[in-house]
Structure formats: structure tokens, C-alpha cells
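Everything on this sheet refers to the single structure shown next.
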Amino acid sequence: MERFDRYLPMIESEMRNVTRGEDDRLNLFYGMMHYHLGWADEHFHPLDLHAGKRIRPTICMMACEAVGGNPEDALPAAAALELLHNFSLIHDDIEDDSRTRRHRSTVWALWGVPQAINTGDGMYSLAYKALLGLQRRSMPQDLILEAMERFSATCVALTEGQYLDMSFEERMEVTAEEYLHMVERKTAALLSTSAYLGALIGGADRETAALYSLFGKQLGIAFQMEDDILGIWGDEEVTGKPVASDILEKKKTLPVIFGLMKETSNGGSSPLWDMFRQDEITAEQARKAARILEEYGARSYTNTLAAEAHQMAMAALEGTGIENEAQADLRALAEKLLRRES
């Protein structure tokens, strides 16, 4: 177990408390949430999969501790952030027609789209209930109000980002600038808010909290770019998704955008354009596209931009002037995320 995993038992306990049903007639409703969160199998028998990395709540608690606060005070926000993230995953799986996640069937694939939508809606609502737990931590009312405002703005940003991401699938020409605009909402906003809320609850001043927010934003951008690489060149056994899954789904991720733009500027043959104009891309074609993108330099390009975003995240962290164990843990986690395999 790594040092920053020490928060996990507290995070899991807080989330379980929020998602505990009190009526046997609602066992399926909460059971679907528990299944998605890795606490139960499809028959609702208990499991302990630790599904997901719990990155967002961990960053929240680390930031709180780094600025001198009690990380347990950030638990309500940490649970809220993770529930919000998982609400978005349940709905994303429906919107992307994804039948598997983390080597298991998705909620909609097992119980149907209507129940999955409602389960996601329930988790979204419970995220707000979790955040209001800050009242039990005797937080000042103006701080709780600010946390709620930031959390609400993040919810809107997530859906804006998802809209943009889906809209990219409907057209061929997408620029790197448009991609970044989308990522700042879909992925970076929640990581930014995770760090910001942790610092805020820990008692940081506005300038310091803003630096943690910038750290989370840039880390989120790097994280998404790394995810784009894994979505094309990741190991199926590790990622739990088919090889070149993003190409199979015709997603306009950064490597794909780079490849399509390169073919446009070259004015020559355009095998990627031809593939993405098709109604469907076969597994064999997706593997071929991955090789073409590699030859074009799309993987190297994406790696370079991810490293630049990562460096900006580290610079923001250094800008706080804080040096302690929790701050070192934030650095270590950021380094790990840039070199992950799933």
C-alpha cells in the first residue's frame, strides 16, 4: 500500500454511509450503486474491489492536510467528489454505448438504460447530500456556501464537457484548441475542484487555494491526455477495454485529432479520414489506425503536451511554498498518474 492510500478506508466508509438505503424495497436501487462502486457483484453479494482509483477524493484530503488542516474535515467533500465522478461514469457508459468498465459489465448493460439513468441521477443527488456533511464538521456557513457554489459550477462544467466531447463525434474537423476547451470541463474541472475544496476546508488563503486549483486543472489535462494514449495503445489486460477502443468508438481524442489534421495538411492519402467517415470501424481497422497514428507522431505529440501540462501542475504546487509530507504525497501521486497503465 502506498502512503496516499491511507485515506481510502475513510473515503470508502464515508461513501458507504451516504449510499446506505433504509428501506428493503430500495435494495436494488442502492445495490446498483454499490455494484458500480465495486462493493458488490451483480447478485449484490459483497465484494471489495476498490473499483477506481479514488483519485479525486484523495487529492482533496491531501490538499487539506498540506495546508495544515485536518484531512478528516474534508471527508464530506471527498465523498461528494467521488460520487459526482461516478454519476458521470454511469451516464457516460450509456452515452458511449460501453458494455464494460474495469473488466465488468456496466450498470446499463446489466439492468437496462432506464434503471442506469435513474441510478446515476440518484448518485448525483447523494453527492450533494454528502457535501452538506460539512455542517457536521462545524465548518463556517460561508465556507460551506462557497463549497456548494464551486461544486455546482463543476457539475455544470462536467456536462458542458461531455456535450462538447459527444459533439466532436458528429463532425470530422476538430482542432486541438477545441479539444483543450472540452478537457478543461470534462476532466480538469473536477480535479481542480478537488484540490481547491481540500485547500479551502484546510484553511488556506484565497491565493494558495487558487494555486491548488491550478495544480488540479493542469493535472486533469495531463491525466486526460494520458487516458487518450491508453485508449489507443493501452494493454487490454490492464485497461479492461478492447485494443484501440477509442478508435473503435470513433472518439476525437488528441492523437486522433493530430492524425486527422496531419492528413489534411499533407494533402495526400488520407487513410484515417477514410476510416472515420465509415459508419463503423472494425477491430482490424482500429489496430491499423493505431499504427498509422504512431507513424504520424501522434503518440509522441500527445506525450509531449501531457508532460507540459504536468510541469505546469508541478509549478503551481511549488508556487504555494508549502513543504511537508502531504505536499510530497501530492507530487508523488501526480508523477504516478502521468505514468499509469490503466
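Convention: chains lettered A, B, ... in C-alpha cells order; per-chain residue numbering from 1; ligands numbered from 1 as shown.
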
For this session: For Leu330 (chain A), list every protein, DNA or RNA residue within 10 Å, evaluated using only C-alpha atoms, and leave out those in the same chain fewer than 4 positions away; present the list as a PyMOL selection string.
Result: chain A and resi 4+58-60+62-63+66+195+215+314+317+325-326+334-336

For the residues selected in the previous step, produce a file with N, CA and C atoms as a PDB file, in the first residue's frame.
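Final output, saved to out.pdb:
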ATOM      1  N   PHE A   4      -0.314   7.399   0.167  1.00  0.00           N
ATOM      2  CA  PHE A   4      -1.561   8.147   0.000  1.00  0.00           C
ATOM      3  C   PHE A   4      -2.788   7.245  -0.020  1.00  0.00           C
ATOM      4  N   THR A  58      -8.888  11.604  -2.863  1.00  0.00           N
ATOM      5  CA  THR A  58      -7.547  11.548  -2.283  1.00  0.00           C
ATOM      6  C   THR A  58      -6.845  12.893  -2.418  1.00  0.00           C
ATOM      7  N   ILE A  59      -6.942  13.504  -3.594  1.00  0.00           N
ATOM      8  CA  ILE A  59      -6.339  14.823  -3.798  1.00  0.00           C
ATOM      9  C   ILE A  59      -6.969  15.847  -2.864  1.00  0.00           C
ATOM     10  N   CYS A  60      -8.272  15.768  -2.689  1.00  0.00           N
ATOM     11  CA  CYS A  60      -8.976  16.690  -1.792  1.00  0.00           C
ATOM     12  C   CYS A  60      -8.422  16.595  -0.369  1.00  0.00           C
ATOM     13  N   MET A  62      -5.532  15.238   0.613  1.00  0.00           N
ATOM     14  CA  MET A  62      -4.108  15.606   0.633  1.00  0.00           C
ATOM     15  C   MET A  62      -3.933  17.115   0.689  1.00  0.00           C
ATOM     16  N   ALA A  63      -4.698  17.838  -0.154  1.00  0.00           N
ATOM     17  CA  ALA A  63      -4.588  19.294  -0.187  1.00  0.00           C
ATOM     18  C   ALA A  63      -4.979  19.893   1.163  1.00  0.00           C
ATOM     19  N   ALA A  66      -2.118  19.247   3.445  1.00  0.00           N
ATOM     20  CA  ALA A  66      -0.928  20.002   3.046  1.00  0.00           C
ATOM     21  C   ALA A  66      -0.959  21.442   3.546  1.00  0.00           C
ATOM     22  N   ALA A 195      -8.824  19.682  -5.540  1.00  0.00           N
ATOM     23  CA  ALA A 195      -7.695  20.315  -4.855  1.00  0.00           C
ATOM     24  C   ALA A 195      -8.128  21.613  -4.180  1.00  0.00           C
ATOM     25  N   PHE A 215      -3.162  23.619  -9.903  1.00  0.00           N
ATOM     26  CA  PHE A 215      -2.494  22.314  -9.886  1.00  0.00           C
ATOM     27  C   PHE A 215      -3.452  21.219 -10.349  1.00  0.00           C
ATOM     28  N   MET A 314       3.024  20.933 -11.518  1.00  0.00           N
ATOM     29  CA  MET A 314       4.076  20.924 -10.507  1.00  0.00           C
ATOM     30  C   MET A 314       4.511  22.337 -10.143  1.00  0.00           C
ATOM     31  N   LEU A 317       2.060  23.809  -7.745  1.00  0.00           N
ATOM     32  CA  LEU A 317       2.261  23.237  -6.414  1.00  0.00           C
ATOM     33  C   LEU A 317       3.462  23.887  -5.724  1.00  0.00           C
ATOM     34  N   GLU A 325       4.853  16.551   4.369  1.00  0.00           N
ATOM     35  CA  GLU A 325       4.640  15.184   3.886  1.00  0.00           C
ATOM     36  C   GLU A 325       3.464  15.081   2.931  1.00  0.00           C
ATOM     37  N   ALA A 326       2.371  15.768   3.246  1.00  0.00           N
ATOM     38  CA  ALA A 326       1.190  15.708   2.384  1.00  0.00           C
ATOM     39  C   ALA A 326       1.471  16.340   1.024  1.00  0.00           C
ATOM     40  N   ALA A 334       0.900  12.795  -8.483  1.00  0.00           N
ATOM     41  CA  ALA A 334       0.910  13.398  -9.816  1.00  0.00           C
ATOM     42  C   ALA A 334       1.892  12.677 -10.738  1.00  0.00           C
ATOM     43  N   GLU A 335       3.050  12.302 -10.211  1.00  0.00           N
ATOM     44  CA  GLU A 335       4.028  11.561 -11.006  1.00  0.00           C
ATOM     45  C   GLU A 335       3.475  10.189 -11.401  1.00  0.00           C
ATOM     46  N   LYS A 336       2.797   9.568 -10.475  1.00  0.00           N
ATOM     47  CA  LYS A 336       2.232   8.231 -10.742  1.00  0.00           C
ATOM     48  C   LYS A 336       1.162   8.303 -11.831  1.00  0.00           C
TER      49      LYS A 336
END

Problem set entry | Close residues, region 99-102 of chain A itself excluded, 9 Å, only C-alpha atoms, min 2 positions apart in chain, as number ranges by chain | A: 51-52, 93-94, 96-97, 104-110, 238-241

Those selected residues, please, written with N, CA, C and O atoms and delivered as a PDB file, in the first residue's frame.
ATOM      1  N   ALA A  51     -12.938  -0.523  -6.722  1.00  0.00           N
ATOM      2  CA  ALA A  51     -13.082  -0.131  -8.123  1.00  0.00           C
ATOM      3  C   ALA A  51     -12.758   1.350  -8.276  1.00  0.00           C
ATOM      4  O   ALA A  51     -13.257   2.194  -7.550  1.00  0.00           O
ATOM      5  N   GLY A  52     -11.898   1.644  -9.227  1.00  0.00           N
ATOM      6  CA  GLY A  52     -11.491   3.027  -9.415  1.00  0.00           C
ATOM      7  C   GLY A  52     -10.362   3.387  -8.469  1.00  0.00           C
ATOM      8  O   GLY A  52     -10.095   2.697  -7.489  1.00  0.00           O
ATOM      9  N   ASP A  93     -21.254   5.762 -19.742  1.00  0.00           N
ATOM     10  CA  ASP A  93     -21.324   4.406 -20.292  1.00  0.00           C
ATOM     11  C   ASP A  93     -22.556   4.227 -21.171  1.00  0.00           C
ATOM     12  O   ASP A  93     -22.514   3.527 -22.184  1.00  0.00           O
ATOM     13  N   ILE A  94     -23.634   4.868 -20.769  1.00  0.00           N
ATOM     14  CA  ILE A  94     -24.857   4.812 -21.586  1.00  0.00           C
ATOM     15  C   ILE A  94     -24.650   5.586 -22.885  1.00  0.00           C
ATOM     16  O   ILE A  94     -24.929   5.096 -23.981  1.00  0.00           O
ATOM     17  N   ASP A  96     -21.932   6.420 -24.378  1.00  0.00           N
ATOM     18  CA  ASP A  96     -20.897   5.841 -25.247  1.00  0.00           C
ATOM     19  C   ASP A  96     -21.224   4.419 -25.688  1.00  0.00           C
ATOM     20  O   ASP A  96     -20.446   3.794 -26.411  1.00  0.00           O
ATOM     21  N   ASP A  97     -22.365   3.887 -25.213  1.00  0.00           N
ATOM     22  CA  ASP A  97     -22.752   2.509 -25.535  1.00  0.00           C
ATOM     23  C   ASP A  97     -21.680   1.506 -25.082  1.00  0.00           C
ATOM     24  O   ASP A  97     -21.431   0.504 -25.737  1.00  0.00           O
ATOM     25  N   ARG A 104     -15.712  -5.354 -15.960  1.00  0.00           N
ATOM     26  CA  ARG A 104     -17.047  -5.819 -15.555  1.00  0.00           C
ATOM     27  C   ARG A 104     -18.109  -5.166 -16.422  1.00  0.00           C
ATOM     28  O   ARG A 104     -17.884  -4.119 -17.025  1.00  0.00           O
ATOM     29  N   SER A 105     -19.279  -5.801 -16.455  1.00  0.00           N
ATOM     30  CA  SER A 105     -20.396  -5.219 -17.197  1.00  0.00           C
ATOM     31  C   SER A 105     -20.806  -3.895 -16.559  1.00  0.00           C
ATOM     32  O   SER A 105     -20.735  -3.731 -15.339  1.00  0.00           O
ATOM     33  N   THR A 106     -21.214  -2.956 -17.397  1.00  0.00           N
ATOM     34  CA  THR A 106     -21.677  -1.668 -16.880  1.00  0.00           C
ATOM     35  C   THR A 106     -23.091  -1.807 -16.312  1.00  0.00           C
ATOM     36  O   THR A 106     -23.790  -2.790 -16.560  1.00  0.00           O
ATOM     37  N   VAL A 107     -23.508  -0.789 -15.566  1.00  0.00           N
ATOM     38  CA  VAL A 107     -24.831  -0.832 -14.923  1.00  0.00           C
ATOM     39  C   VAL A 107     -25.933  -0.973 -15.964  1.00  0.00           C
ATOM     40  O   VAL A 107     -26.848  -1.789 -15.817  1.00  0.00           O
ATOM     41  N   TRP A 108     -25.863  -0.191 -17.039  1.00  0.00           N
ATOM     42  CA  TRP A 108     -26.933  -0.254 -18.035  1.00  0.00           C
ATOM     43  C   TRP A 108     -26.954  -1.601 -18.755  1.00  0.00           C
ATOM     44  O   TRP A 108     -28.029  -2.085 -19.140  1.00  0.00           O
ATOM     45  N   ALA A 109     -25.773  -2.208 -18.944  1.00  0.00           N
ATOM     46  CA  ALA A 109     -25.711  -3.497 -19.643  1.00  0.00           C
ATOM     47  C   ALA A 109     -26.386  -4.598 -18.830  1.00  0.00           C
ATOM     48  O   ALA A 109     -26.912  -5.562 -19.392  1.00  0.00           O
ATOM     49  N   LEU A 110     -26.386  -4.452 -17.508  1.00  0.00           N
ATOM     50  CA  LEU A 110     -26.995  -5.464 -16.639  1.00  0.00           C
ATOM     51  C   LEU A 110     -28.468  -5.179 -16.351  1.00  0.00           C
ATOM     52  O   LEU A 110     -29.287  -6.104 -16.337  1.00  0.00           O
ATOM     53  N   VAL A 238      -4.832  -4.811 -18.972  1.00  0.00           N
ATOM     54  CA  VAL A 238      -4.679  -3.850 -17.874  1.00  0.00           C
ATOM     55  C   VAL A 238      -5.823  -2.849 -17.848  1.00  0.00           C
ATOM     56  O   VAL A 238      -6.393  -2.557 -16.804  1.00  0.00           O
ATOM     57  N   THR A 239      -6.175  -2.318 -19.028  1.00  0.00           N
ATOM     58  CA  THR A 239      -7.199  -1.272 -19.084  1.00  0.00           C
ATOM     59  C   THR A 239      -8.618  -1.810 -18.959  1.00  0.00           C
ATOM     60  O   THR A 239      -9.529  -1.093 -18.541  1.00  0.00           O
ATOM     61  N   GLY A 240      -8.814  -3.084 -19.333  1.00  0.00           N
ATOM     62  CA  GLY A 240     -10.154  -3.664 -19.296  1.00  0.00           C
ATOM     63  C   GLY A 240     -11.007  -3.266 -20.482  1.00  0.00           C
ATOM     64  O   GLY A 240     -12.203  -3.540 -20.524  1.00  0.00           O
ATOM     65  N   LYS A 241     -10.389  -2.616 -21.482  1.00  0.00           N
ATOM     66  CA  LYS A 241     -11.099  -2.215 -22.690  1.00  0.00           C
ATOM     67  C   LYS A 241     -10.399  -2.802 -23.911  1.00  0.00           C
ATOM     68  O   LYS A 241      -9.207  -3.080 -23.863  1.00  0.00           O
TER      69      LYS A 241
END

Please identify which residues in region 161-199 of chain A DSSP calls helix (DSSP H, G or I) from the backbone, and express them as a compact mmCIF listing (two decimals) with all heavy atoms, in the first residue's frame.
# COMPACT_ATOMS: atom_id res chain seq x y z
N GLY A 161 -18.61 19.75 -20.79
CA GLY A 161 -17.52 19.00 -21.39
C GLY A 161 -18.00 17.75 -22.10
O GLY A 161 -17.52 17.41 -23.19
N GLN A 162 -18.95 17.06 -21.49
CA GLN A 162 -19.49 15.86 -22.11
C GLN A 162 -20.24 16.20 -23.40
O GLN A 162 -20.16 15.47 -24.40
CB GLN A 162 -20.41 15.12 -21.13
CG GLN A 162 -21.07 13.87 -21.68
CD GLN A 162 -20.09 12.74 -21.95
OE1 GLN A 162 -18.88 12.90 -21.84
NE2 GLN A 162 -20.61 11.58 -22.31
N TYR A 163 -20.96 17.31 -23.37
CA TYR A 163 -21.65 17.76 -24.60
C TYR A 163 -20.63 17.99 -25.72
O TYR A 163 -20.82 17.53 -26.85
CB TYR A 163 -22.43 19.05 -24.35
CG TYR A 163 -22.71 19.80 -25.63
CD1 TYR A 163 -23.69 19.36 -26.51
CD2 TYR A 163 -21.94 20.91 -25.98
CE1 TYR A 163 -23.92 20.01 -27.71
CE2 TYR A 163 -22.15 21.56 -27.18
CZ TYR A 163 -23.14 21.11 -28.05
OH TYR A 163 -23.35 21.75 -29.24
N LEU A 164 -19.57 18.72 -25.40
CA LEU A 164 -18.56 19.00 -26.42
C LEU A 164 -17.92 17.72 -26.94
O LEU A 164 -17.71 17.55 -28.15
CB LEU A 164 -17.49 19.93 -25.84
CG LEU A 164 -17.93 21.37 -25.54
CD1 LEU A 164 -16.85 22.11 -24.76
CD2 LEU A 164 -18.27 22.11 -26.83
N ASP A 165 -17.61 16.80 -26.02
CA ASP A 165 -16.98 15.54 -26.41
C ASP A 165 -17.88 14.77 -27.37
O ASP A 165 -17.42 14.25 -28.39
CB ASP A 165 -16.69 14.71 -25.15
CG ASP A 165 -15.75 13.55 -25.43
OD1 ASP A 165 -15.03 13.59 -26.45
OD2 ASP A 165 -15.71 12.61 -24.62
N MET A 166 -19.16 14.69 -27.05
CA MET A 166 -20.09 13.97 -27.93
C MET A 166 -20.28 14.69 -29.25
O MET A 166 -20.44 14.06 -30.30
CB MET A 166 -21.44 13.76 -27.22
CG MET A 166 -21.37 12.79 -26.06
SD MET A 166 -23.00 12.33 -25.40
CE MET A 166 -23.56 13.91 -24.75
N SER A 167 -20.25 16.02 -29.22
CA SER A 167 -20.44 16.79 -30.46
C SER A 167 -19.29 16.57 -31.42
O SER A 167 -19.46 16.64 -32.64
CB SER A 167 -20.60 18.28 -30.15
OG SER A 167 -19.36 18.87 -29.78
N PHE A 168 -18.09 16.28 -30.88
CA PHE A 168 -16.93 16.02 -31.74
C PHE A 168 -17.15 14.78 -32.61
O PHE A 168 -16.62 14.69 -33.72
CB PHE A 168 -15.67 15.81 -30.91
CG PHE A 168 -15.18 17.04 -30.17
CD1 PHE A 168 -14.16 16.94 -29.24
CD2 PHE A 168 -15.74 18.29 -30.42
CE1 PHE A 168 -13.71 18.06 -28.56
CE2 PHE A 168 -15.29 19.42 -29.74
CZ PHE A 168 -14.28 19.30 -28.81
N ALA A 176 -7.16 21.10 -31.98
CA ALA A 176 -6.55 20.85 -30.67
C ALA A 176 -7.05 21.87 -29.65
O ALA A 176 -7.22 21.54 -28.47
CB ALA A 176 -5.03 20.91 -30.78
N GLU A 177 -7.31 23.09 -30.09
CA GLU A 177 -7.83 24.13 -29.20
C GLU A 177 -9.23 23.75 -28.68
O GLU A 177 -9.54 23.92 -27.50
CB GLU A 177 -7.89 25.47 -29.92
CG GLU A 177 -8.35 26.62 -29.04
CD GLU A 177 -8.42 27.95 -29.79
OE1 GLU A 177 -8.22 27.96 -31.02
OE2 GLU A 177 -8.68 28.97 -29.13
N GLU A 178 -10.07 23.25 -29.58
CA GLU A 178 -11.40 22.81 -29.17
C GLU A 178 -11.31 21.64 -28.20
O GLU A 178 -12.08 21.55 -27.23
CB GLU A 178 -12.22 22.40 -30.39
CG GLU A 178 -12.65 23.56 -31.27
CD GLU A 178 -13.40 23.08 -32.51
OE1 GLU A 178 -12.84 22.27 -33.27
OE2 GLU A 178 -14.55 23.51 -32.71
N TYR A 179 -10.39 20.74 -28.47
CA TYR A 179 -10.16 19.59 -27.59
C TYR A 179 -9.81 20.08 -26.18
O TYR A 179 -10.38 19.61 -25.19
CB TYR A 179 -9.04 18.73 -28.15
CG TYR A 179 -8.46 17.73 -27.18
CD1 TYR A 179 -8.99 16.44 -27.07
CD2 TYR A 179 -7.39 18.06 -26.35
CE1 TYR A 179 -8.47 15.53 -26.17
CE2 TYR A 179 -6.86 17.15 -25.45
CZ TYR A 179 -7.40 15.89 -25.36
OH TYR A 179 -6.89 14.99 -24.46
N LEU A 180 -8.89 21.02 -26.07
CA LEU A 180 -8.46 21.52 -24.77
C LEU A 180 -9.62 22.20 -24.04
O LEU A 180 -9.79 22.04 -22.83
CB LEU A 180 -7.30 22.49 -24.94
CG LEU A 180 -6.64 22.98 -23.65
CD1 LEU A 180 -6.06 21.82 -22.85
CD2 LEU A 180 -5.53 23.99 -23.97
N HIS A 181 -10.42 22.93 -24.79
CA HIS A 181 -11.61 23.59 -24.23
C HIS A 181 -12.54 22.55 -23.61
O HIS A 181 -13.12 22.76 -22.54
CB HIS A 181 -12.32 24.35 -25.35
CG HIS A 181 -13.42 25.25 -24.89
ND1 HIS A 181 -13.21 26.37 -24.12
CD2 HIS A 181 -14.76 25.19 -25.09
CE1 HIS A 181 -14.36 26.96 -23.87
NE2 HIS A 181 -15.33 26.27 -24.44
N MET A 182 -12.68 21.41 -24.28
CA MET A 182 -13.53 20.32 -23.77
C MET A 182 -12.91 19.68 -22.53
O MET A 182 -13.59 19.47 -21.52
CB MET A 182 -13.72 19.27 -24.87
CG MET A 182 -14.50 18.03 -24.46
SD MET A 182 -13.48 16.70 -23.73
CE MET A 182 -12.54 16.17 -25.16
N VAL A 183 -11.62 19.38 -22.58
CA VAL A 183 -10.95 18.69 -21.47
C VAL A 183 -10.95 19.52 -20.20
O VAL A 183 -11.08 18.99 -19.09
CB VAL A 183 -9.51 18.31 -21.87
CG1 VAL A 183 -8.71 17.82 -20.67
CG2 VAL A 183 -9.53 17.23 -22.94
N GLU A 184 -10.83 20.83 -20.34
CA GLU A 184 -10.85 21.70 -19.17
C GLU A 184 -12.16 21.57 -18.40
O GLU A 184 -12.20 21.80 -17.19
CB GLU A 184 -10.64 23.16 -19.59
CG GLU A 184 -9.20 23.46 -20.00
CD GLU A 184 -9.01 24.88 -20.50
OE1 GLU A 184 -10.04 25.59 -20.68
OE2 GLU A 184 -7.86 25.29 -20.72
N ARG A 185 -13.21 21.16 -19.08
CA ARG A 185 -14.51 20.98 -18.45
C ARG A 185 -14.75 19.52 -18.04
O ARG A 185 -15.05 19.24 -16.89
CB ARG A 185 -15.62 21.45 -19.39
CG ARG A 185 -15.69 22.95 -19.50
CD ARG A 185 -16.32 23.44 -20.79
NE ARG A 185 -16.44 24.89 -20.75
CZ ARG A 185 -15.43 25.72 -20.95
NH1 ARG A 185 -14.22 25.24 -21.21
NH2 ARG A 185 -15.60 27.03 -20.90
N LYS A 186 -14.58 18.62 -18.98
CA LYS A 186 -14.96 17.24 -18.72
C LYS A 186 -14.08 16.55 -17.69
O LYS A 186 -14.56 15.75 -16.88
CB LYS A 186 -14.94 16.44 -20.03
CG LYS A 186 -15.38 14.99 -19.83
CD LYS A 186 -15.53 14.25 -21.13
CE LYS A 186 -15.95 12.81 -20.85
NZ LYS A 186 -16.17 12.04 -22.08
N ALA A 188 -10.67 18.16 -16.29
CA ALA A 188 -9.86 19.02 -15.43
C ALA A 188 -10.68 19.74 -14.36
O ALA A 188 -10.18 19.99 -13.26
CB ALA A 188 -9.10 20.03 -16.28
N ALA A 189 -11.93 20.07 -14.66
CA ALA A 189 -12.73 20.85 -13.71
C ALA A 189 -12.90 20.12 -12.37
O ALA A 189 -12.79 20.72 -11.30
CB ALA A 189 -14.10 21.15 -14.31
N LEU A 190 -13.14 18.82 -12.43
CA LEU A 190 -13.38 18.07 -11.19
C LEU A 190 -12.10 17.90 -10.39
O LEU A 190 -12.10 17.99 -9.15
CB LEU A 190 -14.00 16.71 -11.52
CG LEU A 190 -14.54 15.90 -10.34
CD1 LEU A 190 -15.48 16.73 -9.47
CD2 LEU A 190 -15.25 14.65 -10.82
N LEU A 191 -10.97 17.66 -11.06
CA LEU A 191 -9.70 17.55 -10.35
C LEU A 191 -9.29 18.90 -9.77
O LEU A 191 -8.74 18.97 -8.66
CB LEU A 191 -8.62 17.02 -11.29
CG LEU A 191 -8.65 15.52 -11.53
CD1 LEU A 191 -7.82 15.14 -12.74
CD2 LEU A 191 -8.17 14.76 -10.31
N SER A 192 -9.57 19.97 -10.50
CA SER A 192 -9.29 21.31 -10.00
C SER A 192 -10.10 21.61 -8.74
O SER A 192 -9.58 22.11 -7.74
CB SER A 192 -9.62 22.34 -11.09
OG SER A 192 -9.43 23.65 -10.61
N THR A 193 -11.38 21.26 -8.78
CA THR A 193 -12.25 21.50 -7.62
C THR A 193 -11.86 20.61 -6.45
O THR A 193 -11.97 21.02 -5.29
CB THR A 193 -13.71 21.26 -8.02
OG1 THR A 193 -14.09 22.27 -8.96
CG2 THR A 193 -14.65 21.34 -6.82
N SER A 194 -11.38 19.41 -6.73
CA SER A 194 -10.94 18.52 -5.66
C SER A 194 -9.82 19.15 -4.85
O SER A 194 -9.85 19.17 -3.61
CB SER A 194 -10.45 17.19 -6.24
OG SER A 194 -11.49 16.53 -6.93
N ALA A 195 -8.82 19.68 -5.54
CA ALA A 195 -7.70 20.32 -4.85
C ALA A 195 -8.13 21.61 -4.18
O ALA A 195 -7.71 21.92 -3.05
CB ALA A 195 -6.57 20.58 -5.85
N TYR A 196 -8.98 22.37 -4.86
CA TYR A 196 -9.43 23.65 -4.33
C TYR A 196 -10.24 23.47 -3.03
O TYR A 196 -9.99 24.16 -2.03
CB TYR A 196 -10.28 24.39 -5.36
CG TYR A 196 -10.78 25.73 -4.88
CD1 TYR A 196 -9.97 26.85 -4.93
CD2 TYR A 196 -12.07 25.87 -4.37
CE1 TYR A 196 -10.41 28.08 -4.48
CE2 TYR A 196 -12.52 27.10 -3.92
CZ TYR A 196 -11.69 28.21 -3.97
OH TYR A 196 -12.15 29.42 -3.52
N LEU A 197 -11.20 22.55 -3.05
CA LEU A 197 -12.03 22.35 -1.87
C LEU A 197 -11.20 21.84 -0.69
O LEU A 197 -11.42 22.24 0.46
CB LEU A 197 -13.17 21.38 -2.17
CG LEU A 197 -14.28 21.88 -3.09
CD1 LEU A 197 -15.37 20.83 -3.24
CD2 LEU A 197 -14.87 23.20 -2.58
N GLY A 198 -10.24 20.97 -0.97
CA GLY A 198 -9.38 20.49 0.10
C GLY A 198 -8.62 21.63 0.75
O GLY A 198 -8.55 21.74 1.99
N ALA A 199 -8.04 22.50 -0.08
CA ALA A 199 -7.28 23.64 0.45
C ALA A 199 -8.20 24.61 1.19
O ALA A 199 -7.85 25.12 2.26
CB ALA A 199 -6.56 24.36 -0.70

Exercise. With only C-alpha atoms as the atoms that count, which of A:Glu95, A:Glu22, A:Ala130, A:Ile11 lies nearest to Pro71 (chain A)?
Worked result: A:Ile11

Seminar exercise, completed: Nearest to Thr264 (chain A), restricted to only C-alpha atoms and choosing among A:Ala315, A:Ile281, A:Met172, A:Ala157, comes out as A:Met172

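DSSP, applied to the backbone of this structure, assigns strand (DSSP E) to the following residues of region 80-218 of chain A: Thr100, Arg101, Arg104 and Ser105 of chain A.
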
Selection to disk with N, CA, C and O atoms, as a compact mmCIF listing (two decimals), in the first residue's frame:
# COMPACT_ATOMS: atom_id res chain seq x y z
N THR A 100 -18.74 -2.54 -20.95
CA THR A 100 -17.81 -2.95 -19.89
C THR A 100 -17.05 -1.76 -19.33
O THR A 100 -16.78 -0.79 -20.05
N ARG A 101 -16.73 -1.86 -18.06
CA ARG A 101 -15.88 -0.89 -17.37
C ARG A 101 -15.13 -1.64 -16.29
O ARG A 101 -15.72 -2.37 -15.50
N ARG A 104 -15.71 -5.35 -15.96
CA ARG A 104 -17.05 -5.82 -15.56
C ARG A 104 -18.11 -5.17 -16.42
O ARG A 104 -17.88 -4.12 -17.03
N SER A 105 -19.28 -5.80 -16.46
CA SER A 105 -20.40 -5.22 -17.20
C SER A 105 -20.81 -3.90 -16.56
O SER A 105 -20.74 -3.73 -15.34

For this session: Please provide as a VMD selection string all residues within 8 Å of Leu293 (chain A), with the sequence filter that same-chain residues fewer than 4 positions apart are discarded (counting only C-alpha atoms).
Result: chain A and resid 255 to 256 259 289 297 to 299

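Minimum atom-to-atom distances from A:Asn118, A:Ser13, A:Ser98, A:Ser245 to Ala290 (chain A) were compared using only C-alpha atoms, and the lowest value belongs to A:Ser245.
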
Problem set entry | One-decimal distance in Å that lies between CA of Met10 (chain A) and CA of Leu211 (chain A) | 26.0 Å

Exercise. Hey, can you check how far CA of Ala77 (chain A) sits from CA of Ile55 (chain A)?
Worked result: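 That distance, rounded to one decimal, is 13.1 Å.
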
For this session: Determine the nearest neighbour of Thr154 (chain A) from the options A:Leu84, A:Ala79, A:Val113, A:Ala313, counting only C-alpha atoms.
Result: A:Leu84

For this session: Could you tell me which of A:Thr304, A:Thr119, A:Asn70, A:Asn86 comes closest to Phe29 (chain A) if we count only C-alpha atoms?
Result: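 Using only C-alpha atoms, the shortest distance to Phe29 (chain A) belongs to A:Thr119.
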
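Those residues that approach Arg171 (chain A) to within 10 Å, counting only C-alpha atoms, are Met166, Lys252, Phe276 and Arg277 of chain A; same-chain residues fewer than 5 positions away are not listed.
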
I need the chosen residues saved as a compact mmCIF listing (two decimals), in the first residue's frame, with N, CA, C and O atoms.
# COMPACT_ATOMS: atom_id res chain seq x y z
N MET A 166 -19.16 14.69 -27.05
CA MET A 166 -20.09 13.97 -27.93
C MET A 166 -20.28 14.69 -29.25
O MET A 166 -20.44 14.06 -30.30
N LYS A 252 -12.88 11.56 -30.96
CA LYS A 252 -11.89 12.54 -31.41
C LYS A 252 -10.99 12.91 -30.22
O LYS A 252 -11.06 14.00 -29.66
N PHE A 276 -12.67 7.13 -40.53
CA PHE A 276 -13.60 7.85 -39.66
C PHE A 276 -14.85 8.32 -40.39
O PHE A 276 -15.83 8.70 -39.76
N ARG A 277 -14.84 8.27 -41.71
CA ARG A 277 -16.05 8.58 -42.47
C ARG A 277 -17.00 7.39 -42.53
O ARG A 277 -18.18 7.54 -42.87

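CA of Tyr124 (chain A) to CA of Ile232 (chain A) spans 29.8 Å [interatomic distance, one decimal].
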
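Neighbours of Leu337 (chain A) closer than or equal to 12 Å, with only C-alpha atoms counted and sequence neighbours fewer than 3 positions away skipped, come out as Lys53, Ile55, Arg56, Ile59, Leu219, Gly220, Ile221, Ala222, Phe223, Gln224, Met225, Glu226, Asp227, Ala306, Ala307, His310, Leu330, Arg331, Ala332, Leu333, Ala334, Arg340, Glu341 and Ser342 of chain A.
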
Problem set entry | Among listed residues A:Leu75, A:Ala286, A:Ala40, A:Ala116, nearest Phe87 (chain A) (using only C-alpha atoms) |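 Closest candidate: A:Ala116.
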